[in-house]
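Q: My file is query28.txt. It has compact mmCIF, C-alpha atoms and all ligand atoms:
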```txt
# COMPACT_ATOMS: atom_id res chain seq x y z
CA MET A 1 38.36 -169.96 -149.10
CA ARG A 2 38.28 -173.14 -147.01
CA PRO A 3 40.18 -176.14 -148.36
CA THR A 4 37.75 -178.60 -149.91
CA VAL A 5 37.61 -182.36 -149.45
CA LEU A 6 35.27 -184.44 -151.60
CA VAL A 7 34.92 -188.13 -150.77
CA GLY A 8 32.30 -190.88 -150.75
CA LEU A 9 31.38 -194.45 -149.91
CA ILE A 10 30.69 -197.21 -152.44
CA GLY A 11 28.78 -200.30 -151.30
CA THR A 12 25.38 -201.93 -151.22
CA GLY A 13 22.58 -200.95 -148.82
CA ILE A 14 24.54 -198.12 -147.20
CA GLN A 15 21.74 -195.61 -146.59
CA ALA A 16 22.05 -195.94 -142.79
CA SER A 17 25.83 -195.41 -142.83
CA ARG A 18 27.14 -193.01 -140.19
CA SER A 19 30.23 -192.19 -142.21
CA PRO A 20 28.90 -189.05 -143.94
CA ALA A 21 27.90 -187.41 -140.65
CA LEU A 22 31.05 -188.53 -138.89
CA HIS A 23 33.40 -187.20 -141.58
CA MET A 24 31.51 -184.02 -142.43
CA ARG A 25 31.06 -182.82 -138.83
CA GLU A 26 34.79 -183.34 -138.16
CA GLY A 27 35.66 -181.68 -141.47
CA GLU A 28 33.59 -178.67 -140.46
CA ALA A 29 35.32 -178.53 -137.06
CA GLN A 30 38.69 -178.62 -138.82
CA GLY A 31 37.73 -175.66 -141.02
CA LEU A 32 37.39 -177.74 -144.17
CA SER A 33 34.63 -177.70 -146.75
CA TYR A 34 34.12 -181.49 -146.48
CA GLN A 35 31.59 -183.39 -148.58
CA TYR A 36 30.95 -187.12 -148.14
CA LYS A 37 28.60 -188.73 -150.68
CA LEU A 38 26.89 -192.11 -150.57
CA ILE A 39 27.26 -194.07 -153.80
CA ASP A 40 24.80 -196.84 -152.99
CA LEU A 41 24.89 -199.64 -155.56
CA THR A 42 21.49 -200.86 -154.36
CA ARG A 43 19.87 -197.45 -154.91
CA LEU A 44 21.58 -197.10 -158.28
CA GLY A 45 20.51 -200.58 -159.37
CA LEU A 46 24.15 -201.41 -160.09
CA GLY A 47 26.38 -204.40 -159.36
CA VAL A 48 30.02 -204.76 -158.44
CA ASP A 49 30.83 -204.72 -162.16
CA ALA A 50 30.08 -200.97 -162.12
CA LEU A 51 33.16 -200.33 -159.95
CA PRO A 52 35.57 -199.33 -162.75
CA GLU A 53 33.04 -196.88 -164.17
CA LEU A 54 32.31 -195.37 -160.72
CA LEU A 55 36.00 -195.04 -159.83
CA THR A 56 36.72 -193.25 -163.10
CA ALA A 57 33.71 -190.97 -162.66
CA ALA A 58 34.70 -190.06 -159.09
CA GLU A 59 38.27 -189.39 -160.15
CA ARG A 60 37.17 -187.17 -163.04
CA LEU A 61 34.74 -185.27 -160.82
CA GLY A 62 37.63 -184.36 -158.53
CA PHE A 63 37.00 -186.71 -155.60
CA ASP A 64 39.92 -186.97 -153.17
CA GLY A 65 39.06 -190.55 -152.36
CA LEU A 66 36.45 -193.18 -151.58
CA ASN A 67 35.63 -195.53 -148.78
CA ILE A 68 34.76 -198.99 -150.03
CA THR A 69 32.50 -201.41 -148.26
CA HIS A 70 30.65 -204.69 -148.79
CA PRO A 71 30.73 -206.25 -151.38
CA CYS A 72 33.52 -204.29 -153.06
CA LYS A 73 36.53 -204.49 -150.71
CA GLN A 74 38.26 -207.21 -152.72
CA ALA A 75 36.69 -206.46 -156.09
CA VAL A 76 38.16 -202.94 -156.17
CA ILE A 77 41.78 -204.12 -156.04
CA PRO A 78 42.32 -204.79 -159.78
CA TYR A 79 41.36 -201.18 -160.55
CA LEU A 80 43.99 -199.59 -158.27
CA ASP A 81 47.56 -198.50 -159.06
CA ALA A 82 49.07 -199.23 -155.67
CA LEU A 83 48.25 -200.85 -152.32
CA SER A 84 49.48 -200.04 -148.83
CA PRO A 85 51.35 -202.96 -147.22
CA ASP A 86 48.37 -203.64 -144.92
CA ALA A 87 45.84 -203.66 -147.75
CA ARG A 88 48.11 -206.02 -149.67
CA ALA A 89 48.53 -208.33 -146.69
CA LEU A 90 44.79 -208.45 -146.05
CA GLY A 91 43.73 -208.56 -149.70
CA ALA A 92 41.03 -206.01 -148.87
CA VAL A 93 40.67 -202.26 -149.35
CA ASN A 94 38.27 -199.97 -147.51
CA THR A 95 39.86 -196.64 -148.44
CA VAL A 96 41.04 -195.45 -151.86
CA VAL A 97 42.99 -192.21 -152.18
CA PHE A 98 43.13 -190.38 -155.52
CA LYS A 99 46.30 -188.34 -155.78
CA ASP A 100 48.43 -187.13 -158.69
CA GLY A 101 46.51 -189.32 -161.12
CA LYS A 102 47.15 -192.41 -159.01
CA ARG A 103 44.71 -194.62 -157.06
CA THR A 104 46.10 -196.09 -153.84
CA GLY A 105 44.20 -198.63 -151.75
CA HIS A 106 44.47 -198.73 -147.97
CA ASN A 107 42.91 -200.81 -145.23
CA THR A 108 41.98 -198.83 -142.12
CA ASP A 109 39.63 -201.51 -140.70
CA TRP A 110 42.36 -203.39 -138.84
CA TYR A 111 43.77 -200.14 -137.45
CA GLY A 112 40.24 -199.21 -136.34
CA PHE A 113 39.90 -202.39 -134.30
CA ALA A 114 43.43 -202.09 -132.89
CA GLU A 115 43.00 -198.48 -131.79
CA GLY A 116 39.53 -199.10 -130.33
CA PHE A 117 40.94 -202.06 -128.41
CA ARG A 118 43.97 -200.13 -127.11
CA ARG A 119 41.69 -197.46 -125.72
CA ALA A 120 38.96 -199.68 -124.30
CA LEU A 121 41.13 -202.46 -122.87
CA PRO A 122 44.61 -200.95 -122.51
CA ASP A 123 45.94 -203.23 -119.81
CA VAL A 124 44.33 -206.64 -120.35
CA ASN A 125 46.32 -209.81 -120.80
CA ARG A 126 47.13 -210.32 -124.51
CA GLY A 127 47.99 -213.98 -124.25
CA HIS A 128 45.60 -216.52 -125.75
CA VAL A 129 42.61 -215.13 -127.61
CA VAL A 130 39.69 -216.94 -129.24
CA GLN A 131 38.10 -215.18 -132.19
CA PHE A 132 34.72 -216.22 -133.59
CA GLY A 133 34.24 -215.38 -137.27
CA ALA A 134 36.87 -215.31 -140.00
CA GLY A 135 35.08 -213.41 -142.77
CA GLY A 136 35.93 -209.94 -144.10
CA ALA A 137 35.90 -208.14 -140.75
CA GLY A 138 37.41 -211.18 -139.06
CA ALA A 139 40.51 -211.15 -141.29
CA ALA A 140 41.17 -207.49 -140.42
CA VAL A 141 40.47 -208.04 -136.71
CA ALA A 142 42.76 -211.08 -136.53
CA HIS A 143 45.54 -209.05 -138.20
CA ALA A 144 44.95 -206.36 -135.58
CA ALA A 145 45.03 -208.89 -132.74
CA LEU A 146 48.46 -210.20 -133.72
CA THR A 147 49.72 -206.68 -134.43
CA LEU A 148 48.63 -205.81 -130.88
CA GLY A 149 50.96 -208.56 -129.68
CA MET A 150 48.45 -211.23 -128.74
CA THR A 151 50.48 -214.39 -128.32
CA GLN A 152 48.13 -216.91 -129.85
CA LEU A 153 44.89 -216.68 -131.70
CA THR A 154 42.40 -219.52 -132.08
CA LEU A 155 40.00 -218.88 -134.97
CA ILE A 156 36.58 -220.52 -134.91
CA ASP A 157 34.21 -220.21 -137.86
CA VAL A 158 31.18 -222.31 -138.79
CA ASP A 159 32.97 -222.57 -142.12
CA PRO A 160 36.35 -223.98 -140.98
CA SER A 161 37.91 -223.38 -144.40
CA ARG A 162 37.57 -219.63 -143.79
CA ALA A 163 39.33 -219.92 -140.45
CA ALA A 164 42.05 -221.99 -142.11
CA THR A 165 42.62 -219.43 -144.87
CA VAL A 166 42.88 -216.54 -142.42
CA ALA A 167 45.16 -218.54 -140.09
CA ALA A 168 47.48 -219.47 -142.96
CA GLY A 169 47.86 -215.81 -143.98
CA LEU A 170 48.53 -214.75 -140.39
CA ASN A 171 51.15 -217.45 -139.83
CA GLU A 172 52.91 -216.38 -143.00
CA ARG A 173 53.03 -212.76 -141.86
CA PHE A 174 53.48 -213.10 -138.10
CA GLY A 175 55.32 -216.43 -137.80
CA PRO A 176 54.29 -220.08 -137.65
CA GLY A 177 51.89 -221.21 -134.97
CA ARG A 178 50.56 -217.77 -133.99
CA ALA A 179 47.09 -218.60 -135.36
CA VAL A 180 45.32 -221.96 -135.20
CA VAL A 181 41.90 -223.19 -136.23
CA GLY A 182 39.65 -224.16 -133.33
CA THR A 183 36.76 -226.57 -133.54
CA ASP A 184 35.60 -226.85 -129.93
CA ALA A 185 34.63 -223.50 -128.38
CA ALA A 186 34.48 -224.89 -124.82
CA THR A 187 38.07 -226.17 -124.91
CA ALA A 188 39.43 -223.07 -126.62
CA VAL A 189 37.66 -220.57 -124.34
CA ALA A 190 38.61 -222.49 -121.19
CA GLY A 191 42.26 -221.58 -121.75
CA ALA A 192 41.74 -218.05 -123.11
CA ASP A 193 42.41 -214.58 -121.73
CA GLY A 194 39.89 -212.96 -124.04
CA ILE A 195 37.42 -213.52 -126.85
CA ILE A 196 36.52 -211.52 -129.93
CA ASN A 197 33.24 -211.73 -131.80
CA ALA A 198 33.72 -211.09 -135.52
CA THR A 199 30.54 -212.88 -136.63
CA PRO A 200 27.34 -210.96 -137.44
CA LEU A 201 25.64 -212.54 -134.41
CA GLY A 202 24.26 -209.85 -132.15
CA MET A 203 22.82 -207.74 -134.95
CA ASP A 204 19.02 -207.44 -135.02
CA ALA A 205 18.95 -209.53 -138.18
CA HIS A 206 21.27 -212.14 -136.61
CA PRO A 207 20.23 -212.45 -132.96
CA GLY A 208 22.17 -214.54 -130.48
CA MET A 209 25.80 -215.17 -129.61
CA ALA A 210 28.57 -217.21 -131.23
CA LEU A 211 29.21 -219.11 -127.98
CA PRO A 212 27.05 -220.36 -125.12
CA ALA A 213 26.82 -217.88 -122.22
CA SER A 214 27.97 -220.65 -119.89
CA LEU A 215 31.50 -220.36 -121.35
CA LEU A 216 31.88 -216.76 -120.16
CA ARG A 217 33.63 -216.06 -116.84
CA PRO A 218 34.54 -212.75 -115.18
CA ALA A 219 38.28 -212.98 -115.93
CA LEU A 220 37.69 -213.11 -119.70
CA TRP A 221 37.76 -209.87 -121.65
CA VAL A 222 35.30 -209.63 -124.52
CA ALA A 223 35.71 -207.52 -127.68
CA GLU A 224 32.87 -207.07 -130.17
CA VAL A 225 32.86 -205.96 -133.82
CA VAL A 226 29.10 -205.64 -134.23
CA TYR A 227 28.18 -202.00 -133.60
CA PHE A 228 24.55 -201.93 -134.65
CA PRO A 229 23.34 -202.24 -131.93
CA LEU A 230 26.26 -201.07 -129.84
CA GLU A 231 25.20 -203.26 -126.93
CA THR A 232 24.88 -206.78 -128.26
CA GLU A 233 23.59 -209.78 -126.36
CA LEU A 234 27.21 -210.90 -125.94
CA LEU A 235 28.31 -207.60 -124.39
CA ARG A 236 25.23 -207.41 -122.17
CA THR A 237 25.78 -210.96 -120.91
CA ALA A 238 29.52 -210.47 -120.42
CA ARG A 239 29.09 -207.19 -118.55
CA ALA A 240 26.46 -208.71 -116.29
CA ILE A 241 28.97 -211.26 -115.01
CA GLY A 242 31.77 -208.70 -114.68
CA CYS A 243 33.86 -209.19 -117.85
CA ARG A 244 35.76 -206.20 -119.20
CA THR A 245 34.48 -205.34 -122.66
CA ALA A 246 35.16 -203.33 -125.82
CA ASP A 247 32.21 -202.56 -128.11
CA GLY A 248 32.24 -202.46 -131.93
CA GLY A 249 32.05 -198.67 -132.00
CA GLY A 250 35.82 -198.36 -131.58
CA MET A 251 36.54 -200.13 -134.85
CA ALA A 252 33.88 -198.12 -136.68
CA VAL A 253 35.15 -194.78 -135.39
CA PHE A 254 38.87 -195.35 -135.71
CA GLN A 255 38.69 -196.72 -139.26
CA ALA A 256 36.98 -193.40 -140.07
CA VAL A 257 39.61 -191.41 -138.16
CA GLU A 258 42.38 -192.93 -140.25
CA ALA A 259 40.44 -192.62 -143.52
CA PHE A 260 39.80 -188.93 -142.75
CA ARG A 261 43.55 -188.41 -142.29
CA LEU A 262 44.35 -190.23 -145.55
CA PHE A 263 41.71 -188.29 -147.52
CA SER A 264 42.44 -184.81 -146.18
CA GLY A 265 46.01 -184.86 -144.90
CA VAL A 266 44.59 -183.39 -141.68
CA THR A 267 44.78 -185.35 -138.44
CA PRO A 268 41.26 -185.37 -137.02
CA ASP A 269 40.32 -185.08 -133.35
CA ALA A 270 39.71 -188.77 -132.64
CA GLU A 271 38.06 -188.15 -129.28
CA ARG A 272 35.62 -185.66 -130.81
CA MET A 273 34.73 -188.16 -133.56
CA ARG A 274 34.27 -190.88 -130.94
CA GLN A 275 31.91 -188.69 -128.94
CA HIS A 276 29.98 -187.72 -132.05
CA PHE A 277 29.61 -191.40 -132.97
CA ALA A 278 28.38 -192.24 -129.45
CA SER A 279 25.84 -189.39 -129.63
CA MET A 280 24.29 -190.95 -132.75
CA GLY A 281 22.81 -193.70 -130.53
CA ALA A 282 22.63 -197.43 -131.13
P1 LIG B 301 31.23 -212.04 -143.30
O1 LIG B 301 29.97 -212.63 -143.73
O2 LIG B 301 32.33 -211.76 -144.29
O3 LIG B 301 31.89 -212.97 -142.17
C1 LIG B 301 31.20 -213.48 -141.07
C2 LIG B 301 31.84 -214.81 -140.69
O4 LIG B 301 31.25 -215.29 -139.48
C3 LIG B 301 31.63 -215.89 -141.74
O5 LIG B 301 32.87 -216.47 -142.08
C4 LIG B 301 30.68 -216.88 -141.07
O6 LIG B 301 30.88 -218.21 -141.49
C5 LIG B 301 31.05 -216.69 -139.62
N1 LIG B 301 30.03 -217.11 -138.66
C6 LIG B 301 28.70 -216.87 -138.69
N2 LIG B 301 28.12 -217.40 -137.60
C7 LIG B 301 29.08 -217.96 -136.86
C8 LIG B 301 29.12 -218.66 -135.61
N3 LIG B 301 28.00 -218.90 -134.91
N4 LIG B 301 30.30 -219.10 -135.15
C9 LIG B 301 31.45 -218.89 -135.85
N5 LIG B 301 31.47 -218.24 -137.04
C10 LIG B 301 30.32 -217.78 -137.53
O7 LIG B 301 30.84 -210.72 -142.52
P2 LIG B 301 31.84 -209.53 -142.12
O8 LIG B 301 31.89 -208.55 -143.22
O9 LIG B 301 33.10 -210.13 -141.62
O10 LIG B 301 31.03 -208.84 -140.93
C11 LIG B 301 30.84 -209.47 -139.67
C12 LIG B 301 30.26 -208.47 -138.71
O11 LIG B 301 31.21 -207.44 -138.47
C13 LIG B 301 28.99 -207.77 -139.22
O12 LIG B 301 28.05 -207.78 -138.19
C14 LIG B 301 29.43 -206.34 -139.45
O13 LIG B 301 28.41 -205.42 -139.15
C15 LIG B 301 30.56 -206.18 -138.48
N6 LIG B 301 31.54 -205.19 -138.91
C16 LIG B 301 31.85 -204.19 -138.03
C17 LIG B 301 32.77 -203.23 -138.38
C18 LIG B 301 33.10 -202.13 -137.41
O14 LIG B 301 33.64 -201.12 -137.85
N7 LIG B 301 32.81 -202.29 -136.13
C19 LIG B 301 33.40 -203.28 -139.63
C20 LIG B 301 33.08 -204.33 -140.51
C21 LIG B 301 32.13 -205.26 -140.13
```
Could you rewrite the structure in this file as structure tokens?

A:
Amino acid sequence: MRPTVLVGLIGTGIQASRSPALHMREGEAQGLSYQYKLIDLTRLGLGVDALPELLTAAERLGFDGLNITHPCKQAVIPYLDALSPDARALGAVNTVVFKDGKRTGHNTDWYGFAEGFRRALPDVNRGHVVQFGAGGAGAAVAHAALTLGMTQLTLIDVDPSRAATVAAGLNERFGPGRAVVGTDAATAVAGADGIINATPLGMDAHPGMALPASLLRPALWVAEVVYFPLETELLRTARAIGCRTADGGGMAVFQAVEAFRLFSGVTPDAERMRQHFASMGA
């Protein structure tokens, strides 16, 4: 009999998630009987306060683990027995593994961005980077940027207190002065090697870009976290003037690659998962 893996995703409004297809197709290719269930709080008419009940139910039903998404990534932490160092540093969990009666929280989002970046822009200058957006994804992406060895990160958020909180955490972990809060995009981008968009701008529901197109120049690299659509206005504009770019698909795929490995103990074929993701269309 094939080894079985039973996992799921808890979050709100997750019906369009690509995770079930991505995990199950790879599980099949690896010879596993792999089931990935959506536990959609919106569909169930439940709130975040249902988390303890859902975690216990999943554990008792024999789930191997759960992915956790908005709005539960922080709220799940009190119900776990242990955290990986990255999840602890980020204060956010997107993957919970149930093993030997213990619940361990991991964060594979930052790894997803880092791995997507390494593959898409392997040889770009990692000097000064300007990141727009310091929310949930932004905190993970900023952690990835400094882990990738970027020298200095300027964080710009319409809510400067968010940028300040993320910068303070980064400076504690990576050393003083590595992250600063920016207020003027033109000044920050003028001296940058690359920019990262970690705001929702570029999604259909949030059209536009976090910076004026006039600030882009061909020597800047541009990395995006929005992946729905895969080609955002920012990427389209940047590509048109010759910037090198990384789309948000890398983060989405590689967080799943690492979660698959944590859930199953099997190292998935990352390239096959990437191609499958790309074939799902924008
Ligand atoms: P969030 O609401 O937690 O954070 C967004 C942040 O952007 C907020 O702090 C907000 O103040 C800031 N912001 C909004 N407009 C801005 C602007 N014009 N300039 C500067 N800052 C601005 O949201 P989130 O969970 O961090 O998600 C952000 C985006 O990342 C979403 O579009 C989501 O789809 C995407 N995302 C992608 C992946 C992936 O795997 N590729 C993973 C997680 C999230």

Q: How would you write, as a PyMOL selection string, the set of residues no farther than 7 Å from ligand LIG 301 (chain B) when counting all atoms listed in the file?

A: chain A and resi 70+109+132-138+156-159+162+198-201+203+209-210+225-228+248-253+255

Q: Rank A:Ala87, A:Leu262, A:Leu9, A:Val93 by their smallest atom-to-atom distance to Leu38 in chain A, using only C-alpha atoms, and report the top residue only.

A: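 Using only C-alpha atoms, the shortest distance to Leu38 in chain A belongs to A:Leu9.
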
Q: Please identify all polymer residues within 12 Å of Arg119 in chain A, counting only C-alpha atoms, omitting same-chain residues fewer than 6 positions from it, and present them as a ChimeraX atom specification.

A: /A:112-113,223,245-247,249-251,253-254,270-271,274

Q: Step by step: start from the point (28.4, -216.3, -119.6) in the file's coordinates, keep every protein, DNA or RNA residue that has an atom no farther than 12 Å from it, count all atoms listed in the file, and write the set as an mmCIF file with C-alpha atoms, keeping the file's coordinate frame.

A:
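Ended up saving to selection_11.cif:
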```cif
data_model
loop_
_atom_site.group_PDB
_atom_site.id
_atom_site.type_symbol
_atom_site.label_atom_id
_atom_site.label_comp_id
_atom_site.auth_asym_id
_atom_site.auth_seq_id
_atom_site.Cartn_x
_atom_site.Cartn_y
_atom_site.Cartn_z
ATOM 1 C CA ALA A 186 34.480 -224.890 -124.820
ATOM 2 C CA VAL A 189 37.660 -220.570 -124.340
ATOM 3 C CA ILE A 195 37.420 -213.520 -126.850
ATOM 4 C CA MET A 209 25.800 -215.170 -129.610
ATOM 5 C CA ALA A 210 28.570 -217.210 -131.230
ATOM 6 C CA LEU A 211 29.210 -219.110 -127.980
ATOM 7 C CA PRO A 212 27.050 -220.360 -125.120
ATOM 8 C CA ALA A 213 26.820 -217.880 -122.220
ATOM 9 C CA SER A 214 27.970 -220.650 -119.890
ATOM 10 C CA LEU A 215 31.500 -220.360 -121.350
ATOM 11 C CA LEU A 216 31.880 -216.760 -120.160
ATOM 12 C CA ARG A 217 33.630 -216.060 -116.840
ATOM 13 C CA PRO A 218 34.540 -212.750 -115.180
ATOM 14 C CA ALA A 219 38.280 -212.980 -115.930
ATOM 15 C CA LEU A 220 37.690 -213.110 -119.700
ATOM 16 C CA TRP A 221 37.760 -209.870 -121.650
ATOM 17 C CA VAL A 222 35.300 -209.630 -124.520
ATOM 18 C CA GLU A 233 23.590 -209.780 -126.360
ATOM 19 C CA LEU A 234 27.210 -210.900 -125.940
ATOM 20 C CA LEU A 235 28.310 -207.600 -124.390
ATOM 21 C CA ARG A 236 25.230 -207.410 -122.170
ATOM 22 C CA THR A 237 25.780 -210.960 -120.910
ATOM 23 C CA ALA A 238 29.520 -210.470 -120.420
ATOM 24 C CA ARG A 239 29.090 -207.190 -118.550
ATOM 25 C CA ALA A 240 26.460 -208.710 -116.290
ATOM 26 C CA ILE A 241 28.970 -211.260 -115.010
ATOM 27 C CA GLY A 242 31.770 -208.700 -114.680
ATOM 28 C CA CYS A 243 33.860 -209.190 -117.850
#
```

Q: With all atoms listed in the file as the basis for distance, which of A:Ala92, A:Met1, A:Leu121, A:Leu46 is at the shortest distance from Ala140 in chain A?

A: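 That would be A:Ala92, the residue with the smallest distance to Ala140 in chain A.
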
Q: Could you tell me which of A:Ala185, A:Leu51, A:Met280, A:Met273 comes closest to Gly27 in chain A if we count all atoms listed in the file?

A: A:Met273

Q: Could you please determine the separation between CA of Arg261 in chain A and CA of Gln74 in chain A in Å, to one decimal place?

A: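 Spanning CA of Arg261 in chain A to CA of Gln74 in chain A is a straight-line distance of 22.1 Å.
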
Q: Which is closest to Pro71 in chain A among A:Gly202, A:Gly13, A:Pro207, A:Pro122, if we use all atoms listed in the file?

A: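 Of the candidates, the smallest distance to Pro71 in chain A is held by A:Gly13.
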
Q: Quick one, how far is CA of Gln30 in chain A from CA of Gly265 in chain A?

A: 11.4 Å

Q: Can you work out the spacing between CA of Leu61 in chain A and CA of Tyr34 in chain A in Å, to one decimal?

A: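 Straight-line distance from CA of Leu61 in chain A to CA of Tyr34 in chain A works out to 14.8 Å.
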